[in-house]
Amino acid sequence: MLHSASHNVRDTASKIEGYTAKLSAELHDMRETAYFPTARKTFARTFSTTDLARLLKVPESTLRQLTIEGKGPQPERAENNRRTYTVEQVKELRTFLAALRPDEAEELLPQRRNGEKLQVIATANFKGGSSKTTTSIHLAHFLGLQGYRVLCIDLDPQASMTALFGIQPEFDLGENETAYAAIRYDNERRSLADVIRPTYFPGVDLVPGNLELMDFEFDTPSYLTSRNRDDLGLFFERMSNALSHVENRYDIVILDTPPSLGYSTLAALYAATSLIITVHPAMLDVASCNQFLIMISDLSEVLGQFGARFEHDFFRFLLTRVNPNDGPQKYMSGVMRRLFGDDVLVAEALESTAIAGAAVAKKTLYELEAGEVGREALKRAIESADRVNFEILGLVQKVWGRSA
């Protein structure tokens with residue numbers, strides 16, 4: 001409640017400021033205790049020959065023969081004498097095998113080819129807890145393992161995606177080092193290439209986010225009322241135009257949008273070639289999603305006056321945090337499928353203790369090592385994530401004109 005007495009307002013503000021200072025210091029101390037100041041997140045998980053046979057679609061006998069002959073990246077021996085490969089070696093093996101087997105090169109190195117346009121996938125929903133960021137980062141890691149060049153752009157001021165990549169938004173980012181730097185309106189603007197960071201995950205780069213992204217929401221109204229225009233255009237065009245300068249470096253871009261329908265979300269929706277709307281199949285979440293769709297529909301009409309059109313190669317709903325044994329969820333899933341048909345992905349992202357465990361460790365399912373969570377829970381969760389991601393990849397390949 002707002003009070004007319006100004007001292008109440010000041011008290012609250014100073015109290016919040018004090019709490020922020022305390023919590024920031026505590027988080028900083030916790031981080032310094034857990035990691036050396038110069039430490040960076042790494043990909044610790046290793047891959048067995050069984051993993052690689054499934055991932056690269058080559059027989060284990062071929063991998064064994066390469067090791068015997070000393071060809072290609074050489075694996076380490078685990079305690080049980082099994083051969084293990086690092087994630088960097090998985091990437092090296094793709095290149096090595098592609099040269100060895102030219103007929104299979106396009107499958108081993110599936111990067112987009114001449115005439116195939118950059119795919120920009122936005123995950124969106126303005127209700128928190130819809131697994132938007134989880135969906136985005138799992139898709140990114142999956143695509144990286146499949147051999148694609150991926151750029152993740154964190155447009156959410158809460159910066160959960162950035163944190164999952166091992167970057168602390170409040171400590172590791174200086175001023176003007178987020179996506180805001182590439183779409184801002186003044187002479188401090190930088191090229192998108194300047195704020196792209198390589199990550200510990202081969203094939204996946206990141207444009208990080210933090211609270212600075214809120215500035216775009218504050219700046220845009222005054223820019224709209226001014227007569228000044230620059231080469232990036234109006235607010236909804238800016239992300240698309242910024243991306244055009246780096247598109248040759250990537251196959252797929254993943255935009256993690258904020259849980260709101262502000263200017264940056266609209267810029268992401270316009271830049272996207274495809275949309276994934278994440279929805280938890282519960283009554284309140286589906287109702288909230290409906291409000292989100294109504295707002296997009298209304299705003300698209302307004303933006304149409306500026307020449308903006310929301311045209312996408314594919315638009316899909318993804319049911320998330322699904323409990324197959326939950327009656328009300330099964331009912332709402334049925335409602336979604338009945339109303340939206342093929343625009344709902346067949347695969348569902350199942351609720352899992354493995355995902356919760358991975359979140360605590362600030363990892364994705366694709367990073368978890370055996371023993372970090374229950375073996376069966378991890379197996380089921382990865383199978384669920386793979387089904388979702390293979391279906392999305394199939395849609396991308398269809399756009400490219402490839403046989404899925």
# chains A, B, ... in the order shown; residues from 1 in each chain; ligands from 1
>>> residues_around(residues="Val58 in chain A", least_positions_apart="3", cutoff="12 Å", atoms="only C-alpha atoms", output="list in words")
Thr49, Thr50, Asp51, Leu52, Ala53, Arg54, Leu55, Ser61, Thr62, Leu63, Arg64, Gln65, Leu66, Leu93, Arg94, Leu97, Ala98, Arg101, Glu104, Glu107 and Leu108 of chain A
>>> select_by_dssp(residues="range 94-332 of chain A", states="strand (DSSP E or B)", output="count of residues only")
35
>>> residues_around(residues="Gly233 in chain A", least_positions_apart="3", cutoff="12 Å", atoms="only C-alpha atoms", output="number ranges by chain")
A: 183-185, 220, 223-224, 227-230, 236-242, 267, 306-308
>>> atom_distance(atom1="CA of Ile167 in chain A", atom2="CA of Lys362 in chain A")
10.7 Å
>>> closest_residue(among="A:Phe235, A:Leu109, A:Phe165, A:Val360", to="Glu217 in chain A", atoms="only C-alpha atoms")
A:Phe235
>>> closest_residue(among="A:Lys57, A:Arg112, A:Arg45, A:Lys91", to="Gln397 in chain A", atoms="only C-alpha atoms")
A:Arg112
>>> closest_atom_pairs(of="range 115-216 of chain A", to="range 268-278 of chain A", cutoff="6 Å", atoms="only C-alpha atoms", output="Markdown table")
| residue | atom | partner | partner_atom | distance |
| --- | --- | --- | --- | --- |
| A:Gln119 | CA | A:Thr273 | CA | 5.9 |
| A:Val120 | CA | A:Ala272 | CA | 4.7 |
| A:Ile121 | CA | A:Ser274 | CA | 4.9 |
| A:Ala122 | CA | A:Leu275 | CA | 5.0 |
| A:Thr123 | CA | A:Ile276 | CA | 4.8 |
| A:Ala124 | CA | A:Ile277 | CA | 5.1 |
| A:Asn125 | CA | A:Ile277 | CA | 5.9 |
| A:Ser130 | CA | A:Thr278 | CA | 5.7 |
| A:Lys132 | CA | A:Thr278 | CA | 6.0 |
>>> atom_distance(atom1="CA of Ser352 in chain A", atom2="CA of Phe390 in chain A")
18.9 Å
>>> select_by_dssp(residues="range 15-171 of chain A", states="helix (DSSP H, G or I)", output="ChimeraX atom specification")
/A:15-34,49-56,60-69,87-100,102-108,132-145,160-164
>>> write_last_selection(atoms="C-alpha atoms", output="compact mmCIF listing (two decimals), in the first residue's frame")
# COMPACT_ATOMS: atom_id res chain seq x y z
CA LYS A 15 15.12 -1.34 3.98
CA ILE A 16 15.06 -2.92 0.50
CA GLU A 17 18.40 -1.29 -0.32
CA GLY A 18 19.86 -2.74 2.88
CA TYR A 19 18.50 -6.21 2.15
CA THR A 20 19.88 -6.06 -1.40
CA ALA A 21 23.34 -5.13 -0.13
CA LYS A 22 23.28 -7.94 2.45
CA LEU A 23 22.01 -10.57 0.04
CA SER A 24 24.45 -9.56 -2.71
CA ALA A 25 27.35 -9.80 -0.24
CA GLU A 26 26.15 -13.18 0.99
CA LEU A 27 25.78 -14.54 -2.55
CA HIS A 28 29.22 -13.24 -3.40
CA ASP A 29 30.74 -14.95 -0.35
CA MET A 30 28.95 -18.20 -1.15
CA ARG A 31 30.29 -18.08 -4.68
CA GLU A 32 33.85 -17.32 -3.53
CA THR A 33 33.67 -20.27 -1.13
CA ALA A 34 32.36 -22.66 -3.76
CA THR A 49 31.39 -45.63 -26.54
CA THR A 50 27.73 -46.61 -26.08
CA ASP A 51 26.80 -42.91 -25.78
CA LEU A 52 28.80 -42.09 -28.90
CA ALA A 53 27.36 -44.96 -30.92
CA ARG A 54 23.89 -43.53 -30.21
CA LEU A 55 24.93 -39.90 -30.73
CA LEU A 56 27.07 -40.30 -33.87
CA GLU A 60 31.06 -49.28 -31.19
CA SER A 61 33.36 -51.60 -33.10
CA THR A 62 34.40 -48.67 -35.33
CA LEU A 63 35.27 -46.55 -32.29
CA ARG A 64 37.18 -49.46 -30.76
CA GLN A 65 39.18 -49.95 -33.98
CA LEU A 66 40.05 -46.25 -34.16
CA THR A 67 41.43 -46.45 -30.62
CA ILE A 68 43.49 -49.54 -31.40
CA GLU A 69 44.95 -47.86 -34.49
CA VAL A 87 32.51 -33.35 -24.97
CA GLU A 88 35.28 -31.61 -26.98
CA GLN A 89 36.36 -35.03 -28.30
CA VAL A 90 32.79 -35.73 -29.40
CA LYS A 91 33.03 -32.64 -31.61
CA GLU A 92 36.49 -33.70 -32.89
CA LEU A 93 35.16 -37.17 -33.69
CA ARG A 94 32.39 -35.71 -35.84
CA THR A 95 34.96 -33.90 -38.00
CA PHE A 96 37.32 -36.88 -38.10
CA LEU A 97 34.61 -39.39 -39.05
CA ALA A 98 33.15 -37.03 -41.65
CA ALA A 99 36.53 -36.94 -43.42
CA LEU A 100 36.81 -40.73 -43.07
CA PRO A 102 32.39 -38.69 -46.94
CA ASP A 103 29.04 -40.36 -47.69
CA GLU A 104 27.97 -39.74 -44.08
CA ALA A 105 29.55 -36.29 -43.74
CA GLU A 106 26.28 -34.37 -43.97
CA GLU A 107 24.81 -36.43 -41.13
CA LEU A 108 27.90 -36.13 -38.95
CA LYS A 132 10.63 -21.55 -20.63
CA THR A 133 14.31 -21.29 -19.67
CA THR A 134 14.62 -25.02 -18.98
CA THR A 135 13.21 -25.72 -22.44
CA SER A 136 15.58 -23.20 -24.06
CA ILE A 137 18.79 -24.42 -22.47
CA HIS A 138 17.98 -28.10 -22.89
CA LEU A 139 17.31 -27.46 -26.58
CA ALA A 140 20.61 -25.55 -26.88
CA HIS A 141 22.66 -28.31 -25.26
CA PHE A 142 20.88 -30.99 -27.29
CA LEU A 143 21.58 -29.15 -30.56
CA GLY A 144 25.21 -28.58 -29.56
CA LEU A 145 25.67 -32.32 -29.01
CA SER A 160 18.22 -17.61 -15.32
CA MET A 161 19.68 -18.87 -18.61
CA THR A 162 22.83 -16.81 -18.04
CA ALA A 163 23.22 -18.27 -14.54
CA LEU A 164 22.81 -21.82 -15.88
>>> residues_around(residues="Glu76 in chain A", least_positions_apart="4", cutoff="12 Å", atoms="only C-alpha atoms", output="PDB file with C-alpha atoms, in the first residue's frame")
ATOM      1  CA  THR A  46      32.173 -37.832 -20.158  1.00  0.00           C
ATOM      2  CA  PHE A  47      30.727 -40.041 -22.893  1.00  0.00           C
ATOM      3  CA  SER A  48      31.076 -43.803 -23.219  1.00  0.00           C
ATOM      4  CA  THR A  49      31.393 -45.633 -26.537  1.00  0.00           C
ATOM      5  CA  THR A  67      41.430 -46.447 -30.615  1.00  0.00           C
ATOM      6  CA  ASN A  80      36.191 -49.878 -14.858  1.00  0.00           C
ATOM      7  CA  ASN A  81      38.504 -49.841 -17.930  1.00  0.00           C
ATOM      8  CA  ARG A  82      35.775 -48.436 -20.174  1.00  0.00           C
ATOM      9  CA  ARG A  83      36.778 -45.847 -22.756  1.00  0.00           C
ATOM     10  CA  THR A  84      35.422 -42.345 -22.101  1.00  0.00           C
ATOM     11  CA  TYR A  85      35.432 -39.233 -24.282  1.00  0.00           C
ATOM     12  CA  THR A  86      35.144 -35.561 -23.354  1.00  0.00           C
ATOM     13  CA  GLN A  89      36.363 -35.027 -28.295  1.00  0.00           C
TER      14      GLN A  89
END
>>> closest_residue(among="A:Leu350, A:Val150, A:Val286, A:Leu378", to="Gly334 in chain A", atoms="only C-alpha atoms")
A:Val286
>>> closest_residue(among="A:Tyr180, A:Asn325, A:Phe126, A:Glu391", to="Met295 in chain A", atoms="only C-alpha atoms")
A:Phe126
